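**Student:** mmCIF, C-alpha atoms, saved as final-v3.cif, coming up:
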```cif
data_protein
#
loop_
_atom_site.group_PDB
_atom_site.id
_atom_site.type_symbol
_atom_site.label_atom_id
_atom_site.label_comp_id
_atom_site.auth_asym_id
_atom_site.auth_seq_id
_atom_site.Cartn_x
_atom_site.Cartn_y
_atom_site.Cartn_z
ATOM 1 C CA PRO I 217 -51.561 90.811 -78.384
ATOM 2 C CA LEU I 218 -50.961 87.603 -80.318
ATOM 3 C CA GLY I 219 -51.621 89.215 -83.695
ATOM 4 C CA PHE I 220 -55.076 87.675 -84.037
ATOM 5 C CA PRO I 221 -56.292 88.776 -87.490
ATOM 6 C CA GLY I 222 -58.484 91.873 -87.349
ATOM 7 C CA TYR I 223 -58.467 92.045 -83.542
ATOM 8 C CA ALA I 224 -57.252 95.656 -83.296
ATOM 9 C CA SER I 225 -59.947 96.926 -85.659
ATOM 10 C CA LYS I 226 -62.610 94.873 -83.839
ATOM 11 C CA LEU I 227 -61.583 96.483 -80.544
ATOM 12 C CA GLU I 228 -61.985 99.936 -82.067
ATOM 13 C CA ALA I 229 -65.416 99.000 -83.433
ATOM 14 C CA GLN I 230 -66.463 97.711 -80.007
ATOM 15 C CA LYS I 231 -65.346 100.953 -78.361
ATOM 16 C CA LYS I 232 -67.434 103.010 -80.786
ATOM 17 C CA SER I 233 -70.565 100.850 -80.613
ATOM 18 C CA SER I 234 -70.564 100.443 -76.812
ATOM 19 C CA GLY I 235 -69.097 103.773 -75.692
ATOM 20 C CA LEU I 236 -66.822 101.785 -73.362
ATOM 21 C CA ARG I 237 -63.055 101.284 -73.352
ATOM 22 C CA ASP I 238 -63.393 97.593 -72.450
ATOM 23 C CA ALA I 239 -65.867 95.133 -70.927
ATOM 24 C CA VAL I 240 -65.612 96.322 -67.308
ATOM 25 C CA VAL I 241 -65.894 99.618 -65.443
ATOM 26 C CA THR I 242 -64.508 99.894 -61.909
ATOM 27 C CA GLY I 243 -64.880 102.534 -59.235
ATOM 28 C CA GLU I 244 -65.385 103.448 -55.617
ATOM 29 C CA GLY I 245 -68.513 104.748 -53.925
ATOM 30 C CA THR I 246 -71.086 104.014 -51.242
ATOM 31 C CA ILE I 247 -74.109 101.717 -50.992
ATOM 32 C CA GLY I 248 -76.436 102.393 -48.089
ATOM 33 C CA GLY I 249 -73.778 104.673 -46.653
ATOM 34 C CA PHE I 250 -71.088 101.966 -46.690
ATOM 35 C CA PRO I 251 -67.961 102.601 -48.781
ATOM 36 C CA VAL I 252 -67.271 99.924 -51.399
ATOM 37 C CA VAL I 253 -65.162 99.160 -54.456
ATOM 38 C CA VAL I 254 -67.348 98.061 -57.387
ATOM 39 C CA ALA I 255 -66.669 96.450 -60.748
ATOM 40 C CA CYS I 256 -69.451 96.264 -63.375
ATOM 41 C CA MET I 257 -69.088 94.193 -66.510
ATOM 42 C CA SER I 258 -70.935 94.999 -69.732
ATOM 43 C CA PHE I 259 -72.140 92.501 -72.336
ATOM 44 C CA ASP I 260 -72.194 95.372 -74.852
ATOM 45 C CA PHE I 261 -68.398 95.226 -75.224
ATOM 46 C CA PHE I 262 -67.311 92.027 -76.987
ATOM 47 C CA ALA I 263 -70.072 90.031 -75.257
ATOM 48 C CA GLY I 264 -68.497 90.766 -71.891
ATOM 49 C CA SER I 265 -65.527 88.573 -72.722
ATOM 50 C CA MET I 266 -62.564 88.630 -70.341
ATOM 51 C CA GLY I 267 -59.258 89.622 -71.860
ATOM 52 C CA SER I 268 -56.112 91.063 -70.286
ATOM 53 C CA VAL I 269 -57.683 94.485 -69.649
ATOM 54 C CA VAL I 270 -60.729 93.052 -67.855
ATOM 55 C CA GLY I 271 -58.553 90.783 -65.709
ATOM 56 C CA GLU I 272 -56.167 93.612 -64.860
ATOM 57 C CA LYS I 273 -58.927 96.086 -63.960
ATOM 58 C CA ILE I 274 -60.729 93.597 -61.739
ATOM 59 C CA THR I 275 -57.466 92.589 -60.059
ATOM 60 C CA ARG I 276 -56.581 96.237 -59.413
ATOM 61 C CA ALA I 277 -60.060 96.877 -57.985
ATOM 62 C CA ILE I 278 -59.601 93.963 -55.575
ATOM 63 C CA GLU I 279 -56.120 95.202 -54.614
ATOM 64 C CA GLN I 280 -57.485 98.723 -54.067
ATOM 65 C CA ALA I 281 -60.187 97.341 -51.780
ATOM 66 C CA HIS I 282 -57.551 95.300 -49.955
ATOM 67 C CA ALA I 283 -55.337 98.333 -49.391
ATOM 68 C CA LYS I 284 -58.246 100.519 -48.231
ATOM 69 C CA LYS I 285 -59.947 97.721 -46.250
ATOM 70 C CA LEU I 286 -63.191 98.068 -48.215
ATOM 71 C CA PRO I 287 -65.630 95.400 -49.445
ATOM 72 C CA VAL I 288 -65.684 94.455 -53.140
ATOM 73 C CA ILE I 289 -68.852 93.974 -55.193
ATOM 74 C CA ILE I 290 -68.522 92.630 -58.738
ATOM 75 C CA PHE I 291 -71.477 92.613 -61.144
ATOM 76 C CA SER I 292 -70.665 89.997 -63.763
ATOM 77 C CA THR I 293 -71.978 89.311 -67.243
ATOM 78 C CA SER I 294 -69.820 87.448 -69.697
ATOM 79 C CA SER I 295 -69.594 85.021 -72.584
ATOM 80 C CA GLY I 296 -66.286 83.803 -71.114
ATOM 81 C CA ALA I 297 -62.602 84.250 -71.877
ATOM 82 C CA ARG I 298 -61.807 86.341 -74.973
ATOM 83 C CA MET I 299 -60.659 83.873 -77.600
ATOM 84 C CA GLN I 300 -58.683 86.498 -79.519
ATOM 85 C CA GLU I 301 -56.251 86.731 -76.591
ATOM 86 C CA SER I 302 -55.843 82.972 -76.229
ATOM 87 C CA ILE I 303 -53.738 81.909 -73.209
ATOM 88 C CA LEU I 304 -53.433 85.521 -72.023
ATOM 89 C CA SER I 305 -57.186 85.630 -71.419
ATOM 90 C CA LEU I 306 -57.141 82.283 -69.605
ATOM 91 C CA MET I 307 -54.389 83.599 -67.324
ATOM 92 C CA GLN I 308 -56.830 86.228 -66.042
ATOM 93 C CA MET I 309 -58.811 83.472 -64.325
ATOM 94 C CA ALA I 310 -55.822 82.623 -62.139
ATOM 95 C CA LYS I 311 -54.825 86.254 -61.614
ATOM 96 C CA THR I 312 -58.231 87.444 -60.407
ATOM 97 C CA SER I 313 -58.716 84.334 -58.256
ATOM 98 C CA ALA I 314 -55.306 84.798 -56.608
ATOM 99 C CA ALA I 315 -56.055 88.448 -55.814
ATOM 100 C CA LEU I 316 -59.364 87.395 -54.248
ATOM 101 C CA ALA I 317 -57.687 84.650 -52.209
ATOM 102 C CA LYS I 318 -55.327 87.210 -50.652
ATOM 103 C CA PHE I 319 -58.151 89.684 -50.084
ATOM 104 C CA GLN I 320 -60.526 87.157 -48.521
ATOM 105 C CA GLY I 321 -57.699 85.542 -46.552
ATOM 106 C CA ASP I 322 -57.220 88.865 -44.792
ATOM 107 C CA GLY I 323 -60.932 89.099 -43.976
ATOM 108 C CA GLY I 324 -62.096 91.125 -46.975
ATOM 109 C CA LEU I 325 -65.775 90.880 -47.913
ATOM 110 C CA TYR I 326 -66.542 90.000 -51.537
ATOM 111 C CA ILE I 327 -70.104 89.984 -52.872
ATOM 112 C CA SER I 328 -70.567 88.541 -56.354
ATOM 113 C CA VAL I 329 -73.665 89.503 -58.352
ATOM 114 C CA MET I 330 -74.287 87.505 -61.531
ATOM 115 C CA THR I 331 -76.467 88.972 -64.264
ATOM 116 C CA ASP I 332 -77.696 87.447 -67.531
ATOM 117 C CA PRO I 333 -75.608 85.721 -68.803
ATOM 118 C CA THR I 334 -72.550 84.862 -66.688
ATOM 119 C CA THR I 335 -70.697 81.999 -68.332
ATOM 120 C CA GLY I 336 -67.308 80.566 -69.295
ATOM 121 C CA GLY I 337 -64.065 81.662 -67.692
ATOM 122 C CA VAL I 338 -65.735 84.393 -65.626
ATOM 123 C CA SER I 339 -68.167 81.967 -63.979
ATOM 124 C CA ALA I 340 -65.251 79.531 -63.543
ATOM 125 C CA SER I 341 -63.198 82.113 -61.658
ATOM 126 C CA PHE I 342 -64.089 85.281 -59.748
ATOM 127 C CA ALA I 343 -67.872 85.225 -60.333
ATOM 128 C CA MET I 344 -68.332 82.084 -58.217
ATOM 129 C CA LEU I 345 -65.837 82.972 -55.472
ATOM 130 C CA GLY I 346 -67.968 85.411 -53.497
ATOM 131 C CA ASP I 347 -68.536 85.234 -49.774
ATOM 132 C CA PHE I 348 -72.079 85.797 -51.043
ATOM 133 C CA ASN I 349 -73.022 84.662 -54.544
ATOM 134 C CA LEU I 350 -76.154 86.439 -55.790
ATOM 135 C CA ALA I 351 -77.884 86.367 -59.172
ATOM 136 C CA GLU I 352 -80.764 88.152 -60.854
ATOM 137 C CA PRO I 353 -84.003 86.241 -61.617
ATOM 138 C CA GLY I 354 -83.768 84.076 -64.711
ATOM 139 C CA ALA I 355 -80.090 84.841 -65.268
ATOM 140 C CA LEU I 356 -78.161 82.202 -67.193
ATOM 141 C CA VAL I 357 -75.285 81.146 -64.934
ATOM 142 C CA GLY I 358 -72.964 78.318 -65.918
ATOM 143 C CA PHE I 359 -69.731 77.309 -67.594
ATOM 144 C CA ALA I 360 -70.284 75.461 -70.874
ATOM 145 C CA GLY I 361 -73.447 75.847 -72.926
ATOM 146 C CA ARG I 362 -76.405 73.471 -72.840
ATOM 147 C CA VAL I 363 -75.718 71.929 -76.266
ATOM 148 C CA VAL I 364 -72.076 71.179 -75.434
ATOM 149 C CA ILE I 365 -73.033 69.555 -72.110
ATOM 150 C CA GLU I 366 -75.849 67.493 -73.630
ATOM 151 C CA GLN I 367 -73.537 66.244 -76.378
ATOM 152 C CA THR I 368 -70.852 65.395 -73.817
ATOM 153 C CA ILE I 369 -73.036 63.524 -71.303
ATOM 154 C CA ARG I 370 -75.523 62.286 -73.952
ATOM 155 C CA GLN I 371 -78.464 63.210 -71.754
ATOM 156 C CA LYS I 372 -81.297 65.735 -72.001
ATOM 157 C CA LEU I 373 -80.969 68.521 -69.436
ATOM 158 C CA PRO I 374 -83.911 70.042 -67.495
ATOM 159 C CA ASP I 375 -85.617 73.020 -69.169
ATOM 160 C CA ASN I 376 -84.562 75.367 -66.333
ATOM 161 C CA PHE I 377 -80.955 74.131 -66.330
ATOM 162 C CA GLN I 378 -78.386 76.889 -65.630
ATOM 163 C CA THR I 379 -81.005 79.451 -64.603
ATOM 164 C CA ALA I 380 -80.376 81.381 -61.405
ATOM 165 C CA GLU I 381 -83.278 79.543 -59.783
ATOM 166 C CA PHE I 382 -81.860 76.124 -60.758
ATOM 167 C CA ASN I 383 -78.449 77.098 -59.377
ATOM 168 C CA LEU I 384 -80.029 78.324 -56.123
ATOM 169 C CA GLN I 385 -81.924 75.068 -55.737
ATOM 170 C CA HIS I 386 -78.700 73.080 -56.198
ATOM 171 C CA GLY I 387 -76.566 75.116 -53.791
ATOM 172 C CA GLN I 388 -74.559 77.161 -56.299
ATOM 173 C CA LEU I 389 -76.063 80.492 -55.217
ATOM 174 C CA ASP I 390 -76.963 82.078 -51.896
ATOM 175 C CA LYS I 391 -79.879 84.181 -53.131
ATOM 176 C CA VAL I 392 -81.757 85.261 -56.249
ATOM 177 C CA VAL I 393 -82.343 89.013 -56.037
ATOM 178 C CA HIS I 394 -84.441 91.181 -58.375
ATOM 179 C CA ARG I 395 -82.712 94.346 -59.527
ATOM 180 C CA LYS I 396 -85.269 96.529 -57.719
ATOM 181 C CA ASP I 397 -84.269 94.824 -54.433
ATOM 182 C CA MET I 398 -80.527 94.788 -55.110
ATOM 183 C CA LYS I 399 -79.592 98.007 -53.293
ATOM 184 C CA SER I 400 -81.459 97.088 -50.110
ATOM 185 C CA THR I 401 -80.046 93.526 -50.163
ATOM 186 C CA LEU I 402 -76.488 94.748 -50.637
ATOM 187 C CA SER I 403 -76.976 97.379 -47.923
ATOM 188 C CA LYS I 404 -78.135 94.679 -45.480
ATOM 189 C CA LEU I 405 -75.156 92.452 -46.266
ATOM 190 C CA LEU I 406 -72.728 95.354 -45.858
ATOM 191 C CA ASP I 407 -74.409 96.355 -42.605
ATOM 192 C CA MET I 408 -74.212 92.781 -41.275
ATOM 193 C CA HIS I 409 -70.469 92.709 -41.855
ATOM 194 C CA ALA I 410 -69.673 96.218 -40.672
ATOM 195 C CA VAL I 411 -67.591 96.473 -37.513
ATOM 196 C CA LYS I 412 -67.397 99.428 -35.164
ATOM 197 C CA GLY I 413 -66.565 102.623 -37.036
ATOM 198 C CA GLY I 414 -68.189 101.447 -40.283
ATOM 199 C CA ASP I 415 -65.239 99.307 -41.406
ATOM 200 C CA THR I 416 -66.655 96.414 -43.436
ATOM 201 C CA HIS I 417 -63.299 94.663 -43.778
ATOM 202 C CA GLY I 418 -62.701 91.760 -41.442
ATOM 203 C CA GLY I 419 -66.180 91.853 -39.886
#
```
Before anything else, please render the file you have as structure tokens.
**Tutor:**
Amino acid sequence: PLGFPGYASKLEAQKKSSGLRDAVVTGEGTIGGFPVVVACMSFDFFAGSMGSVVGEKITRAIEQAHAKKLPVIIFSTSSGARMQESILSLMQMAKTSAALAKFQGDGGLYISVMTDPTTGGVSASFAMLGDFNLAEPGALVGFAGRVVIEQTIRQKLPDNFQTAEFNLQHGQLDKVVHRKDMKSTLSKLLDMHAVKGGDTHGG
């Protein structure tokens, strides 16, 4: 959008190599019998970077859930904001966060699931705003990379720094959940928040 050299051709190459149209797929379905709106990011498309399309799709998914009074589950994986879109990609952090604030303010349930890796602008916005923040074992979850942080603070970081387990230990996550246990864990959370009639909005 800002005429970044070669960006259009890179997008086409990413579409062909990944089989995706952009770095997120959104939809509606059920988990454990409970209706939900889901967004799944893919690292295969431009390293899961968040540009205008990703931000718009996630925002629309949240707004759809808001309108239908359904919970939202977002599976994140990302290298951060897409540098080729400059300020437009950074704006998606505010846009997705604002949509979530409205949704959660009206009692909407948002479950964030972070996979390996979830970093940069995605971790600094919607990925960390869940009512429940979950991550897969060993997943790298953080904002800036280890080298950048070590150079900035001039200290050596622990070997397990930014792992899901480290984040859980320091209060950044609610639970570390293996993929084989993910469906049952999500079903339990949805069930806990369901009100009479199966509505999981405002429970």
**Student:** Any chance you could tabulate, as a Markdown table, the residues of range 285-355 of chain I at most 9 Å from range 242-266 of chain I with each one's nearest atom pair and distance in Å to one decimal, using only C-alpha atoms, in chain and rising number order?
**Tutor:**
```
| residue | atom | partner | partner_atom | distance |
| --- | --- | --- | --- | --- |
| I:Leu286 | CA | I:Val252 | CA | 5.5 |
| I:Pro287 | CA | I:Val252 | CA | 5.2 |
| I:Val288 | CA | I:Val253 | CA | 4.9 |
| I:Ile289 | CA | I:Val254 | CA | 4.9 |
| I:Ile290 | CA | I:Ala255 | CA | 4.7 |
| I:Phe291 | CA | I:Cys256 | CA | 4.7 |
| I:Ser292 | CA | I:Met257 | CA | 5.3 |
| I:Thr293 | CA | I:Met257 | CA | 5.7 |
| I:Ser294 | CA | I:Gly264 | CA | 4.2 |
| I:Ser295 | CA | I:Ser265 | CA | 5.4 |
| I:Gly296 | CA | I:Ser265 | CA | 5.1 |
| I:Ala297 | CA | I:Met266 | CA | 4.6 |
| I:Arg298 | CA | I:Ser265 | CA | 4.9 |
| I:Met299 | CA | I:Ser265 | CA | 8.3 |
| I:Ser305 | CA | I:Met266 | CA | 6.3 |
| I:Leu306 | CA | I:Met266 | CA | 8.4 |
| I:Gln308 | CA | I:Met266 | CA | 7.6 |
| I:Met309 | CA | I:Met266 | CA | 8.8 |
| I:Asp332 | CA | I:Phe259 | CA | 8.9 |
| I:Pro333 | CA | I:Phe259 | CA | 8.4 |
| I:Thr334 | CA | I:Gly264 | CA | 8.9 |
| I:Gly336 | CA | I:Ser265 | CA | 8.9 |
| I:Gly337 | CA | I:Met266 | CA | 7.6 |
| I:Val338 | CA | I:Met266 | CA | 7.1 |
```
**Student:** Those selected residues, please, written with C-alpha atoms and delivered as a PDB file, keeping the file's coordinate frame.
**Tutor:**
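Once everything was written out, this is again-v4.pdb:
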```
ATOM      1  CA  LEU I 286     -63.191  98.068 -48.215  1.00  0.00           C
ATOM      2  CA  PRO I 287     -65.630  95.400 -49.445  1.00  0.00           C
ATOM      3  CA  VAL I 288     -65.684  94.455 -53.140  1.00  0.00           C
ATOM      4  CA  ILE I 289     -68.852  93.974 -55.193  1.00  0.00           C
ATOM      5  CA  ILE I 290     -68.522  92.630 -58.738  1.00  0.00           C
ATOM      6  CA  PHE I 291     -71.477  92.613 -61.144  1.00  0.00           C
ATOM      7  CA  SER I 292     -70.665  89.997 -63.763  1.00  0.00           C
ATOM      8  CA  THR I 293     -71.978  89.311 -67.243  1.00  0.00           C
ATOM      9  CA  SER I 294     -69.820  87.448 -69.697  1.00  0.00           C
ATOM     10  CA  SER I 295     -69.594  85.021 -72.584  1.00  0.00           C
ATOM     11  CA  GLY I 296     -66.286  83.803 -71.114  1.00  0.00           C
ATOM     12  CA  ALA I 297     -62.602  84.250 -71.877  1.00  0.00           C
ATOM     13  CA  ARG I 298     -61.807  86.341 -74.973  1.00  0.00           C
ATOM     14  CA  MET I 299     -60.659  83.873 -77.600  1.00  0.00           C
ATOM     15  CA  SER I 305     -57.186  85.630 -71.419  1.00  0.00           C
ATOM     16  CA  LEU I 306     -57.141  82.283 -69.605  1.00  0.00           C
ATOM     17  CA  GLN I 308     -56.830  86.228 -66.042  1.00  0.00           C
ATOM     18  CA  MET I 309     -58.811  83.472 -64.325  1.00  0.00           C
ATOM     19  CA  ASP I 332     -77.696  87.447 -67.531  1.00  0.00           C
ATOM     20  CA  PRO I 333     -75.608  85.721 -68.803  1.00  0.00           C
ATOM     21  CA  THR I 334     -72.550  84.862 -66.688  1.00  0.00           C
ATOM     22  CA  GLY I 336     -67.308  80.566 -69.295  1.00  0.00           C
ATOM     23  CA  GLY I 337     -64.065  81.662 -67.692  1.00  0.00           C
ATOM     24  CA  VAL I 338     -65.735  84.393 -65.626  1.00  0.00           C
TER      25      VAL I 338
END
```
**Student:** Which is closest to Gly346 in chain I among I:Ile365, I:Ile303, I:Phe359, I:Lys391, if we use only C-alpha atoms?
**Tutor:**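 Of I:Ile365, I:Ile303, I:Phe359, I:Lys391, the one nearest Gly346 in chain I is I:Lys391, counting only C-alpha atoms.
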**Student:** For a test of reading the model, state the distance in Å between CA of Ala283 in chain I and CA of Phe319 in chain I, rounded to one decimal.
**Tutor:**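 Between these atoms lies a distance of 9.1 Å.
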**Student:** Could you check how far CA of Ala351 in chain I sits from CA of Gln367 in chain I, in Å to one decimal?
**Tutor:** 26.8 Å
**Student:** Quote the spacing between CA of Tyr326 in chain I and CA of Thr275 in chain I in Å to one decimal place.
**Tutor:**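 Computing it gives 12.7 Å between the two atoms.
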